[in-house]
$ cat target_1.cif   # mmCIF, C-alpha atoms
data_model
loop_
_atom_site.group_PDB
_atom_site.id
_atom_site.type_symbol
_atom_site.label_atom_id
_atom_site.label_comp_id
_atom_site.auth_asym_id
_atom_site.auth_seq_id
_atom_site.Cartn_x
_atom_site.Cartn_y
_atom_site.Cartn_z
ATOM 1 C CA MET V 1 -17.700 -26.484 -111.282
ATOM 2 C CA SER V 2 -21.383 -27.144 -111.586
ATOM 3 C CA LEU V 3 -23.713 -25.942 -108.867
ATOM 4 C CA VAL V 4 -25.124 -29.430 -108.280
ATOM 5 C CA GLY V 5 -21.624 -30.837 -107.846
ATOM 6 C CA GLU V 6 -20.686 -28.134 -105.393
ATOM 7 C CA PHE V 7 -23.874 -28.703 -103.439
ATOM 8 C CA LEU V 8 -23.289 -32.467 -103.230
ATOM 9 C CA ILE V 9 -19.679 -32.001 -102.121
ATOM 10 C CA ALA V 10 -20.724 -29.519 -99.426
ATOM 11 C CA LEU V 11 -23.454 -31.866 -98.208
ATOM 12 C CA ALA V 12 -21.075 -34.814 -97.969
ATOM 13 C CA LEU V 13 -18.495 -32.703 -96.113
ATOM 14 C CA VAL V 14 -21.074 -31.422 -93.631
ATOM 15 C CA ILE V 15 -22.333 -34.950 -92.924
ATOM 16 C CA SER V 16 -18.741 -36.110 -92.494
ATOM 17 C CA GLY V 17 -18.019 -33.236 -90.106
ATOM 18 C CA ILE V 18 -21.107 -33.853 -88.004
ATOM 19 C CA PHE V 19 -20.420 -37.545 -87.533
ATOM 20 C CA GLY V 20 -16.707 -36.996 -86.975
ATOM 21 C CA PHE V 21 -17.603 -34.523 -84.259
ATOM 22 C CA VAL V 22 -20.200 -36.786 -82.650
ATOM 23 C CA GLY V 23 -17.682 -39.648 -82.638
ATOM 24 C CA SER V 24 -15.052 -37.555 -80.846
ATOM 25 C CA PHE V 25 -17.655 -36.095 -78.525
ATOM 26 C CA GLY V 26 -18.782 -39.583 -77.577
ATOM 27 C CA LEU V 27 -15.179 -40.506 -76.810
ATOM 28 C CA VAL V 28 -15.019 -37.669 -74.270
ATOM 29 C CA ARG V 29 -18.485 -38.085 -72.870
ATOM 30 C CA LEU V 30 -18.824 -41.794 -72.249
ATOM 31 C CA LYS V 31 -17.256 -43.061 -69.055
ATOM 32 C CA ASN V 32 -16.806 -46.758 -69.679
ATOM 33 C CA THR V 33 -13.994 -48.083 -71.911
ATOM 34 C CA LEU V 34 -16.264 -50.446 -73.777
ATOM 35 C CA GLN V 35 -18.852 -47.766 -74.387
ATOM 36 C CA ARG V 36 -16.090 -45.537 -75.720
ATOM 37 C CA LEU V 37 -15.146 -48.231 -78.158
ATOM 38 C CA HIS V 38 -18.420 -47.516 -79.958
ATOM 39 C CA ALA V 39 -17.458 -43.940 -80.810
ATOM 40 C CA PRO V 40 -14.560 -44.589 -83.229
ATOM 41 C CA THR V 41 -16.598 -47.071 -85.259
ATOM 42 C CA LYS V 42 -18.919 -44.201 -86.029
ATOM 43 C CA ALA V 43 -16.133 -41.808 -86.951
ATOM 44 C CA THR V 44 -14.587 -44.315 -89.332
ATOM 45 C CA THR V 45 -17.826 -45.231 -91.064
ATOM 46 C CA LEU V 46 -19.913 -42.156 -91.839
ATOM 47 C CA GLY V 47 -17.280 -39.585 -90.782
ATOM 48 C CA VAL V 48 -14.533 -40.784 -93.093
ATOM 49 C CA GLY V 49 -17.088 -42.136 -95.577
ATOM 50 C CA GLY V 50 -18.642 -38.696 -96.145
ATOM 51 C CA MET V 51 -15.242 -37.157 -96.763
ATOM 52 C CA LEU V 52 -14.295 -39.880 -99.243
ATOM 53 C CA ILE V 53 -17.571 -39.437 -101.122
ATOM 54 C CA ALA V 54 -16.931 -35.690 -101.296
ATOM 55 C CA SER V 55 -13.446 -36.368 -102.661
ATOM 56 C CA MET V 56 -14.774 -38.753 -105.313
ATOM 57 C CA ILE V 57 -17.401 -36.245 -106.451
ATOM 58 C CA TRP V 58 -14.760 -33.502 -106.612
ATOM 59 C CA PHE V 59 -12.459 -35.575 -108.821
ATOM 60 C CA TYR V 60 -15.381 -36.514 -111.024
ATOM 61 C CA VAL V 61 -16.741 -32.966 -111.399
ATOM 62 C CA GLU V 62 -13.513 -30.968 -111.431
ATOM 63 C CA LYS V 63 -10.956 -33.286 -113.046
ATOM 64 C CA ASP V 64 -13.444 -35.339 -115.011
ATOM 65 C CA GLN V 65 -11.899 -38.609 -113.904
ATOM 66 C CA PHE V 66 -12.993 -41.441 -111.677
ATOM 67 C CA SER V 67 -10.835 -41.896 -108.589
ATOM 68 C CA PHE V 68 -10.373 -45.380 -107.123
ATOM 69 C CA HIS V 69 -8.233 -44.347 -104.179
ATOM 70 C CA GLU V 70 -11.261 -43.569 -102.026
ATOM 71 C CA LEU V 71 -12.674 -47.059 -102.563
ATOM 72 C CA LEU V 72 -9.348 -48.550 -101.487
ATOM 73 C CA ILE V 73 -9.235 -46.369 -98.367
ATOM 74 C CA THR V 74 -12.745 -47.547 -97.494
ATOM 75 C CA MET V 75 -11.732 -51.158 -98.008
ATOM 76 C CA PHE V 76 -8.588 -50.881 -95.856
ATOM 77 C CA LEU V 77 -10.512 -49.071 -93.111
ATOM 78 C CA PHE V 78 -13.167 -51.764 -93.057
ATOM 79 C CA LEU V 79 -10.449 -54.398 -92.819
ATOM 80 C CA THR V 80 -8.412 -52.780 -90.049
ATOM 81 C CA ALA V 81 -10.904 -50.950 -87.809
ATOM 82 C CA PRO V 82 -12.679 -54.098 -86.494
ATOM 83 C CA VAL V 83 -9.339 -55.750 -85.707
ATOM 84 C CA THR V 84 -8.238 -52.792 -83.569
ATOM 85 C CA ALA V 85 -11.571 -52.679 -81.762
ATOM 86 C CA HIS V 86 -11.365 -56.423 -81.160
ATOM 87 C CA PHE V 87 -7.878 -56.113 -79.652
ATOM 88 C CA ILE V 88 -8.848 -53.217 -77.393
ATOM 89 C CA ALA V 89 -11.918 -55.102 -76.171
ATOM 90 C CA LYS V 90 -9.856 -58.217 -75.425
ATOM 91 C CA VAL V 91 -7.184 -56.306 -73.517
ATOM 92 C CA TYR V 92 -9.860 -54.525 -71.516
ATOM 93 C CA MET V 93 -11.567 -57.825 -70.693
ATOM 94 C CA LEU V 94 -8.302 -59.376 -69.551
ATOM 95 C CA GLN V 95 -7.350 -56.434 -67.364
ATOM 96 C CA SER V 96 -10.617 -55.258 -65.880
ATOM 97 C CA LEU V 97 -13.252 -57.955 -66.162
ATOM 98 C CA ARG V 98 -13.627 -61.371 -64.646
ATOM 99 C CA LYS V 99 -15.289 -64.410 -66.174
ATOM 100 C CA GLU V 100 -18.304 -63.860 -63.925
ATOM 101 C CA ASP V 101 -18.968 -60.395 -65.343
ATOM 102 C CA LEU V 102 -19.755 -61.817 -68.767
ATOM 103 C CA PRO V 103 -22.807 -63.764 -69.872
ATOM 104 C CA ASP V 104 -22.526 -67.525 -70.290
ATOM 105 C CA THR V 105 -21.452 -68.895 -73.686
ATOM 106 C CA LYS V 106 -24.331 -71.410 -73.618
ATOM 107 C CA GLY V 107 -21.838 -74.007 -74.824
ATOM 108 C CA PRO V 108 -19.360 -76.417 -73.265
ATOM 109 C CA HIS V 109 -16.477 -73.915 -73.496
ATOM 110 C CA GLY V 110 -15.886 -70.464 -72.034
ATOM 111 C CA TRP V 111 -14.836 -67.244 -73.773
ATOM 112 C CA SER V 112 -11.517 -67.480 -75.574
ATOM 113 C CA VAL V 113 -10.002 -64.635 -73.512
ATOM 114 C CA TYR V 114 -10.040 -66.868 -70.432
ATOM 115 C CA GLU V 115 -9.821 -70.306 -71.980
ATOM 116 C CA ASP V 116 -7.662 -72.039 -74.606
ATOM 117 C CA ALA V 117 -9.175 -73.559 -77.700
ATOM 118 C CA PRO V 118 -10.272 -77.170 -77.097
ATOM 119 C CA GLN V 119 -7.850 -78.694 -79.642
ATOM 120 C CA GLY V 120 -4.978 -76.521 -78.538
ATOM 121 C CA PRO V 121 -3.322 -74.039 -80.878
ATOM 122 C CA PRO V 122 -3.889 -74.654 -84.620
ATOM 123 C CA LYS V 123 -1.173 -76.546 -86.461
ATOM 124 C CA PRO V 124 1.038 -74.502 -88.800
ATOM 125 C CA MET U 1 -2.697 -77.307 -114.496
ATOM 126 C CA LEU U 2 -4.888 -74.232 -114.139
ATOM 127 C CA ARG U 3 -5.036 -74.977 -110.447
ATOM 128 C CA ARG U 4 -1.240 -74.800 -110.168
ATOM 129 C CA LEU U 5 -1.015 -71.652 -112.231
ATOM 130 C CA VAL U 6 -3.728 -69.864 -110.247
ATOM 131 C CA PRO U 7 -3.731 -71.481 -106.796
ATOM 132 C CA HIS U 8 -5.876 -68.794 -105.299
ATOM 133 C CA PRO U 9 -8.138 -67.160 -107.922
ATOM 134 C CA LEU U 10 -9.917 -64.813 -105.509
ATOM 135 C CA LEU U 11 -6.608 -63.466 -104.219
ATOM 136 C CA SER U 12 -5.396 -62.955 -107.794
ATOM 137 C CA VAL U 13 -8.477 -60.927 -108.709
ATOM 138 C CA THR U 14 -8.215 -58.882 -105.495
ATOM 139 C CA LEU U 15 -4.538 -58.102 -106.164
ATOM 140 C CA LEU U 16 -5.328 -57.001 -109.725
ATOM 141 C CA LEU U 17 -8.151 -54.728 -108.559
ATOM 142 C CA VAL U 18 -6.105 -53.246 -105.710
ATOM 143 C CA TRP U 19 -3.210 -52.565 -108.085
ATOM 144 C CA LEU U 20 -5.488 -50.818 -110.580
ATOM 145 C CA GLY U 21 -6.949 -48.802 -107.701
ATOM 146 C CA LEU U 22 -3.512 -47.789 -106.447
ATOM 147 C CA VAL U 23 -2.268 -46.525 -109.802
ATOM 148 C CA ASN U 24 -5.717 -45.011 -110.349
ATOM 149 C CA LYS U 25 -5.660 -45.431 -114.114
ATOM 150 C CA VAL U 26 -6.738 -48.376 -116.247
ATOM 151 C CA THR U 27 -4.213 -48.672 -119.082
ATOM 152 C CA PRO U 28 -3.090 -51.876 -120.864
ATOM 153 C CA GLY U 29 0.316 -51.623 -119.176
ATOM 154 C CA ASN U 30 -1.162 -51.378 -115.709
ATOM 155 C CA LEU U 31 -3.553 -54.190 -116.503
ATOM 156 C CA ILE U 32 -0.672 -56.499 -117.499
ATOM 157 C CA LEU U 33 1.415 -55.483 -114.485
ATOM 158 C CA GLY U 34 -1.558 -56.058 -112.138
ATOM 159 C CA ALA U 35 -2.282 -59.432 -113.730
ATOM 160 C CA GLY U 36 1.403 -60.285 -113.264
ATOM 161 C CA PHE U 37 1.151 -59.501 -109.570
ATOM 162 C CA GLY U 38 -2.051 -61.517 -109.412
ATOM 163 C CA LEU U 39 -0.206 -64.517 -110.828
ATOM 164 C CA VAL U 40 3.148 -64.273 -109.051
ATOM 165 C CA VAL U 41 2.175 -63.226 -105.515
ATOM 166 C CA PRO U 42 -0.293 -66.098 -104.884
ATOM 167 C CA MET U 43 2.255 -68.588 -106.262
ATOM 168 C CA LEU U 44 4.982 -67.327 -103.932
ATOM 169 C CA THR U 45 2.698 -67.185 -100.911
ATOM 170 C CA ALA U 46 0.599 -70.305 -101.588
ATOM 171 C CA ALA U 47 2.151 -72.034 -98.572
ATOM 172 C CA TYR U 48 0.618 -69.434 -96.266
ATOM 173 C CA TRP U 49 -2.905 -69.891 -97.633
ATOM 174 C CA PRO U 50 -3.781 -73.457 -96.713
ATOM 175 C CA ASP U 51 -7.535 -72.932 -96.972
ATOM 176 C CA ARG U 52 -9.117 -71.299 -99.951
ATOM 177 C CA PRO U 53 -12.428 -69.698 -99.160
ATOM 178 C CA ARG U 54 -15.036 -70.298 -101.830
ATOM 179 C CA ILE U 55 -17.731 -67.831 -102.570
ATOM 180 C CA ARG U 56 -20.859 -69.535 -103.688
ATOM 181 C CA ASN U 57 -22.979 -66.672 -104.897
ATOM 182 C CA PRO U 58 -21.453 -63.346 -106.048
ATOM 183 C CA LEU U 59 -24.887 -61.699 -106.176
ATOM 184 C CA ALA U 60 -25.422 -62.542 -102.516
ATOM 185 C CA VAL U 61 -22.138 -60.760 -101.726
ATOM 186 C CA LEU U 62 -23.426 -57.612 -103.401
ATOM 187 C CA GLU U 63 -26.718 -57.850 -101.505
ATOM 188 C CA PHE U 64 -24.843 -58.346 -98.225
ATOM 189 C CA VAL U 65 -22.589 -55.317 -98.828
ATOM 190 C CA LEU U 66 -25.538 -53.069 -99.691
ATOM 191 C CA ILE U 67 -27.500 -54.168 -96.628
ATOM 192 C CA VAL U 68 -24.519 -53.606 -94.346
ATOM 193 C CA LEU U 69 -23.880 -50.139 -95.817
ATOM 194 C CA TRP U 70 -27.531 -49.202 -95.313
ATOM 195 C CA ASP U 71 -27.481 -50.513 -91.727
ATOM 196 C CA ILE U 72 -24.324 -48.511 -91.040
ATOM 197 C CA VAL U 73 -26.060 -45.292 -92.103
ATOM 198 C CA VAL U 74 -29.198 -45.998 -90.048
ATOM 199 C CA ALA U 75 -27.261 -47.116 -86.973
ATOM 200 C CA ASN U 76 -24.948 -44.088 -87.205
ATOM 201 C CA VAL U 77 -27.900 -41.766 -86.840
ATOM 202 C CA GLN U 78 -29.368 -43.780 -83.966
ATOM 203 C CA VAL U 79 -26.079 -43.856 -82.066
ATOM 204 C CA ALA U 80 -25.463 -40.146 -82.734
ATOM 205 C CA LEU U 81 -28.836 -39.308 -81.158
ATOM 206 C CA ILE U 82 -28.020 -41.449 -78.130
ATOM 207 C CA LEU U 83 -24.592 -39.853 -77.695
ATOM 208 C CA LEU U 84 -25.870 -36.300 -78.011
ATOM 209 C CA PHE U 85 -29.132 -36.323 -76.116
ATOM 210 C CA ARG U 86 -29.352 -39.331 -73.811
ATOM 211 C CA PRO U 87 -28.294 -38.650 -70.203
ATOM 212 C CA GLU U 88 -25.323 -40.718 -69.123
ATOM 213 C CA ALA U 89 -27.250 -42.781 -66.575
ATOM 214 C CA LYS U 90 -29.863 -43.830 -69.100
ATOM 215 C CA ILE U 91 -27.512 -45.491 -71.574
ATOM 216 C CA ARG U 92 -28.185 -49.179 -71.060
ATOM 217 C CA SER U 93 -25.125 -51.072 -72.294
ATOM 218 C CA VAL U 94 -25.358 -54.837 -72.216
ATOM 219 C CA TRP U 95 -23.371 -57.910 -73.151
ATOM 220 C CA ILE U 96 -25.065 -60.186 -75.642
ATOM 221 C CA CYS U 97 -24.058 -63.756 -76.395
ATOM 222 C CA VAL U 98 -24.777 -64.586 -80.029
ATOM 223 C CA PRO U 99 -24.584 -68.303 -80.864
ATOM 224 C CA ILE U 100 -23.240 -68.791 -84.403
ATOM 225 C CA GLU U 101 -23.693 -71.641 -86.836
ATOM 226 C CA LEU U 102 -20.986 -70.539 -89.278
ATOM 227 C CA THR U 103 -17.974 -72.813 -89.285
ATOM 228 C CA SER U 104 -15.425 -71.376 -91.721
ATOM 229 C CA ALA U 105 -12.924 -68.947 -90.240
ATOM 230 C CA GLU U 106 -13.471 -66.458 -93.065
ATOM 231 C CA ALA U 107 -17.222 -66.332 -92.502
ATOM 232 C CA ILE U 108 -16.836 -65.804 -88.742
ATOM 233 C CA THR U 109 -14.278 -63.053 -89.363
ATOM 234 C CA VAL U 110 -16.614 -61.260 -91.746
ATOM 235 C CA LEU U 111 -19.490 -61.568 -89.273
ATOM 236 C CA ALA U 112 -17.408 -60.211 -86.373
ATOM 237 C CA GLY U 113 -16.153 -57.351 -88.536
ATOM 238 C CA THR U 114 -19.668 -56.509 -89.669
ATOM 239 C CA ILE U 115 -20.915 -56.418 -86.089
ATOM 240 C CA THR U 116 -18.129 -54.023 -85.133
ATOM 241 C CA MET U 117 -18.531 -51.735 -88.134
ATOM 242 C CA THR U 118 -22.272 -51.248 -87.605
ATOM 243 C CA PRO U 119 -22.373 -48.583 -84.887
ATOM 244 C CA GLY U 120 -24.007 -49.593 -81.625
ATOM 245 C CA THR U 121 -22.512 -53.067 -81.454
ATOM 246 C CA VAL U 122 -18.912 -54.234 -81.031
ATOM 247 C CA SER U 123 -17.830 -57.854 -81.185
ATOM 248 C CA ALA U 124 -15.564 -58.419 -78.203
ATOM 249 C CA THR U 125 -14.461 -62.034 -78.326
ATOM 250 C CA LEU U 126 -15.332 -65.555 -79.417
ATOM 251 C CA SER U 127 -15.963 -68.563 -77.256
ATOM 252 C CA ALA U 128 -13.014 -70.974 -77.121
ATOM 253 C CA ASP U 129 -14.659 -73.432 -79.509
ATOM 254 C CA ALA U 130 -15.831 -70.611 -81.835
ATOM 255 C CA THR U 131 -19.527 -71.376 -81.458
ATOM 256 C CA SER U 132 -20.623 -68.000 -80.105
ATOM 257 C CA ILE U 133 -19.617 -64.359 -80.336
ATOM 258 C CA LEU U 134 -19.656 -61.993 -77.385
ATOM 259 C CA VAL U 135 -21.193 -58.693 -78.497
ATOM 260 C CA HIS U 136 -21.250 -55.451 -76.554
ATOM 261 C CA ALA U 137 -24.267 -53.270 -77.357
ATOM 262 C CA LEU U 138 -24.123 -49.574 -76.538
ATOM 263 C CA ASP U 139 -27.806 -49.150 -75.796
ATOM 264 C CA THR U 140 -30.723 -51.546 -76.059
ATOM 265 C CA ASP U 141 -33.746 -52.515 -74.031
ATOM 266 C CA ASP U 142 -34.146 -55.839 -75.804
ATOM 267 C CA PRO U 143 -30.907 -57.866 -76.079
ATOM 268 C CA ASP U 144 -32.766 -60.780 -77.658
ATOM 269 C CA ALA U 145 -33.929 -58.586 -80.535
ATOM 270 C CA VAL U 146 -30.342 -57.495 -81.250
ATOM 271 C CA ARG U 147 -29.237 -61.119 -81.226
ATOM 272 C CA ASP U 148 -32.037 -62.168 -83.557
ATOM 273 C CA GLN U 149 -31.289 -59.283 -85.906
ATOM 274 C CA ILE U 150 -27.618 -60.252 -86.166
ATOM 275 C CA LYS U 151 -28.602 -63.849 -86.823
ATOM 276 C CA SER U 152 -31.347 -63.229 -89.358
ATOM 277 C CA ARG U 153 -29.858 -60.231 -91.144
ATOM 278 C CA TYR U 154 -26.149 -61.034 -91.354
ATOM 279 C CA GLU U 155 -25.521 -64.639 -90.430
ATOM 280 C CA ARG U 156 -28.221 -66.071 -92.682
ATOM 281 C CA ARG U 157 -26.800 -64.212 -95.680
ATOM 282 C CA LEU U 158 -23.227 -65.201 -94.847
ATOM 283 C CA LYS U 159 -24.320 -68.821 -94.736
ATOM 284 C CA GLU U 160 -25.466 -68.442 -98.338
ATOM 285 C CA ILE U 161 -22.177 -66.833 -99.377
ATOM 286 C CA PHE U 162 -19.711 -69.175 -97.669
ATOM 287 C CA PRO U 163 -20.522 -72.876 -98.103
#
$ encode --input "target_1.cif" --output "structure tokens"
Amino acid sequence: MSLVGEFLIALALVISGIFGFVGSFGLVRLKNTLQRLHAPTKATTLGVGGMLIASMIWFYVEKDQFSFHELLITMFLFLTAPVTAHFIAKVYMLQSLRKEDLPDTKGPHGWSVYEDAPQGPPKP
Amino acid sequence: MLRRLVPHPLLSVTLLLVWLGLVNKVTPGNLILGAGFGLVVPMLTAAYWPDRPRIRNPLAVLEFVLIVLWDIVVANVQVALILLFRPEAKIRSVWICVPIELTSAEAITVLAGTITMTPGTVSATLSADATSILVHALDTDDPDAVRDQIKSRYERRLKEIFP
């Protein structure tokens, strides 16, 4: 394995480790549920991202082939992580917050957690 | 005719690319198999895809992805510094209401996902008529600046991508 390749892989792994750690640390340290929600978005972006980049470089340098799996993992993570965060935020709002705790929508309708859509549910 | 054969061209291309990525090798056989999936799956599931999102400008998509990736890196560092060194009491979390002008469901979904994936902001919910997004910011002294950044950096570009 070339020295440059090894160096790049190590760098990517270290970055991934640092941000993975900071994400978990934030989860422990922050007190508020919504603030904690910010920590995993960090771990999934640069934390996992660094590891995937390291894996791609390794396949390229060591096996001399281009690996697509990492790109797919990135894509699936970017599709699923926001949905989870959105669900957690909504459940938290329903259980622990009242309408008055949130800022105004500046429109005729309130937030969808507390109010149905104006036309009713969408038709199938 | 072409329309009936390929009811959902974007989905077909995505399926082909995902298949090639899963098998991790581009050979003629895989290419044909992937293209087969790209043709058959959209035909079988066409009933569940009533709206077909159109992408106006593929170059704008690339620009958007690059900008979001760059923002993710920058924001990661900023949030890491806050988490490690800022005392608990000095983290100023706020709710921000971001009015949106996008109308298509796909565009709003992409915007909400982008807001969540850039560290420091999480999109919490939409208003009932889908004209504003409720965003939770981990730490900011100027909520208006965050709102303007989301609008000018992401929403403006999404408006160019989705008609």
$ residues_around --input "target_1.cif" --residues "Trp95 (chain U)" --least-positions-apart "4" --cutoff "8 Å" --atoms "all atoms listed in the file" --output "PyMOL selection string"
(chain V and resi 102-103) or (chain U and resi 134-137)
$ interface_residues --input "target_1.cif" --of "chain U" --to "chain V" --cutoff "7 Å" --atoms "all atoms listed in the file" --output "number ranges by chain"
U: 21-22, 24, 73, 76, 80, 83, 95, 97, 113, 116-117, 119-120, 122-129, 132, 138
$ resolve_selection --input "target_1.cif" --expression "the PyMOL selection byres ((chain V and resi 51) around 9)" --output "list in words"
Ile9, Ala12, Leu13, Val14, Ile15, Ser16, Gly17, Leu46, Gly47, Val48, Gly49, Gly50, Leu52, Ile53, Ala54, Ser55 and Met56 of chain V
$ resolve_selection --input "target_1.cif" --expression "the PyMOL selection byres ((chain U and resi 64) around 9)" --output "MDAnalysis selection string"
chainID U and resid 59:63 65:69 153:154 157:158 161
$ axis_aligned_box --input "target_1.cif" --around "region 18-34 of chain V" --padding-each-side "8 Å" --output "lines of an AutoDock Vina configuration file"
center_x = -17.6
center_y = -42.1
center_z = -78.5
size_x = 23.1
size_y = 32.6
size_z = 34.9
$ build_atoms --input "target_1.cif" --residues "region 67-87 of chain U" --atoms "N, CA and C atoms" --output "PDB file, in the coordinates of the input"
ATOM      1  N   ILE U  67     -26.742 -54.156 -97.878  1.00  0.00           N
ATOM      2  CA  ILE U  67     -27.500 -54.168 -96.628  1.00  0.00           C
ATOM      3  C   ILE U  67     -26.660 -53.653 -95.473  1.00  0.00           C
ATOM      4  N   VAL U  68     -25.387 -54.071 -95.435  1.00  0.00           N
ATOM      5  CA  VAL U  68     -24.519 -53.606 -94.346  1.00  0.00           C
ATOM      6  C   VAL U  68     -24.314 -52.095 -94.440  1.00  0.00           C
ATOM      7  N   LEU U  69     -24.075 -51.580 -95.663  1.00  0.00           N
ATOM      8  CA  LEU U  69     -23.880 -50.139 -95.817  1.00  0.00           C
ATOM      9  C   LEU U  69     -25.115 -49.380 -95.347  1.00  0.00           C
ATOM     10  N   TRP U  70     -26.290 -49.861 -95.740  1.00  0.00           N
ATOM     11  CA  TRP U  70     -27.531 -49.202 -95.313  1.00  0.00           C
ATOM     12  C   TRP U  70     -27.664 -49.227 -93.792  1.00  0.00           C
ATOM     13  N   ASP U  71     -27.390 -50.390 -93.192  1.00  0.00           N
ATOM     14  CA  ASP U  71     -27.481 -50.513 -91.727  1.00  0.00           C
ATOM     15  C   ASP U  71     -26.504 -49.578 -91.031  1.00  0.00           C
ATOM     16  N   ILE U  72     -25.314 -49.401 -91.649  1.00  0.00           N
ATOM     17  CA  ILE U  72     -24.324 -48.511 -91.040  1.00  0.00           C
ATOM     18  C   ILE U  72     -24.867 -47.091 -90.980  1.00  0.00           C
ATOM     19  N   VAL U  73     -25.516 -46.656 -92.079  1.00  0.00           N
ATOM     20  CA  VAL U  73     -26.060 -45.292 -92.103  1.00  0.00           C
ATOM     21  C   VAL U  73     -27.150 -45.143 -91.041  1.00  0.00           C
ATOM     22  N   VAL U  74     -28.098 -46.082 -91.011  1.00  0.00           N
ATOM     23  CA  VAL U  74     -29.198 -45.998 -90.048  1.00  0.00           C
ATOM     24  C   VAL U  74     -28.673 -46.008 -88.615  1.00  0.00           C
ATOM     25  N   ALA U  75     -27.755 -46.969 -88.341  1.00  0.00           N
ATOM     26  CA  ALA U  75     -27.261 -47.116 -86.973  1.00  0.00           C
ATOM     27  C   ALA U  75     -26.433 -45.911 -86.544  1.00  0.00           C
ATOM     28  N   ASN U  76     -25.705 -45.292 -87.514  1.00  0.00           N
ATOM     29  CA  ASN U  76     -24.948 -44.088 -87.205  1.00  0.00           C
ATOM     30  C   ASN U  76     -25.848 -43.008 -86.640  1.00  0.00           C
ATOM     31  N   VAL U  77     -26.989 -42.801 -87.297  1.00  0.00           N
ATOM     32  CA  VAL U  77     -27.900 -41.766 -86.840  1.00  0.00           C
ATOM     33  C   VAL U  77     -28.443 -42.105 -85.457  1.00  0.00           C
ATOM     34  N   GLN U  78     -28.836 -43.375 -85.272  1.00  0.00           N
ATOM     35  CA  GLN U  78     -29.368 -43.780 -83.966  1.00  0.00           C
ATOM     36  C   GLN U  78     -28.350 -43.556 -82.852  1.00  0.00           C
ATOM     37  N   VAL U  79     -27.096 -43.989 -83.107  1.00  0.00           N
ATOM     38  CA  VAL U  79     -26.079 -43.856 -82.066  1.00  0.00           C
ATOM     39  C   VAL U  79     -25.745 -42.383 -81.829  1.00  0.00           C
ATOM     40  N   ALA U  80     -25.739 -41.573 -82.904  1.00  0.00           N
ATOM     41  CA  ALA U  80     -25.463 -40.146 -82.734  1.00  0.00           C
ATOM     42  C   ALA U  80     -26.505 -39.515 -81.815  1.00  0.00           C
ATOM     43  N   LEU U  81     -27.778 -39.862 -82.005  1.00  0.00           N
ATOM     44  CA  LEU U  81     -28.836 -39.308 -81.158  1.00  0.00           C
ATOM     45  C   LEU U  81     -28.634 -39.721 -79.702  1.00  0.00           C
ATOM     46  N   ILE U  82     -28.261 -40.988 -79.502  1.00  0.00           N
ATOM     47  CA  ILE U  82     -28.020 -41.449 -78.130  1.00  0.00           C
ATOM     48  C   ILE U  82     -26.878 -40.669 -77.498  1.00  0.00           C
ATOM     49  N   LEU U  83     -25.775 -40.516 -78.249  1.00  0.00           N
ATOM     50  CA  LEU U  83     -24.592 -39.853 -77.695  1.00  0.00           C
ATOM     51  C   LEU U  83     -24.875 -38.397 -77.363  1.00  0.00           C
ATOM     52  N   LEU U  84     -25.678 -37.737 -78.199  1.00  0.00           N
ATOM     53  CA  LEU U  84     -25.870 -36.300 -78.011  1.00  0.00           C
ATOM     54  C   LEU U  84     -26.913 -35.988 -76.947  1.00  0.00           C
ATOM     55  N   PHE U  85     -27.995 -36.771 -76.916  1.00  0.00           N
ATOM     56  CA  PHE U  85     -29.132 -36.323 -76.116  1.00  0.00           C
ATOM     57  C   PHE U  85     -29.465 -37.204 -74.934  1.00  0.00           C
ATOM     58  N   ARG U  86     -28.979 -38.441 -74.901  1.00  0.00           N
ATOM     59  CA  ARG U  86     -29.352 -39.331 -73.811  1.00  0.00           C
ATOM     60  C   ARG U  86     -28.487 -39.029 -72.589  1.00  0.00           C
ATOM     61  N   PRO U  87     -29.111 -38.847 -71.405  1.00  0.00           N
ATOM     62  CA  PRO U  87     -28.294 -38.650 -70.203  1.00  0.00           C
ATOM     63  C   PRO U  87     -27.460 -39.899 -69.915  1.00  0.00           C
TER      64      PRO U  87
END
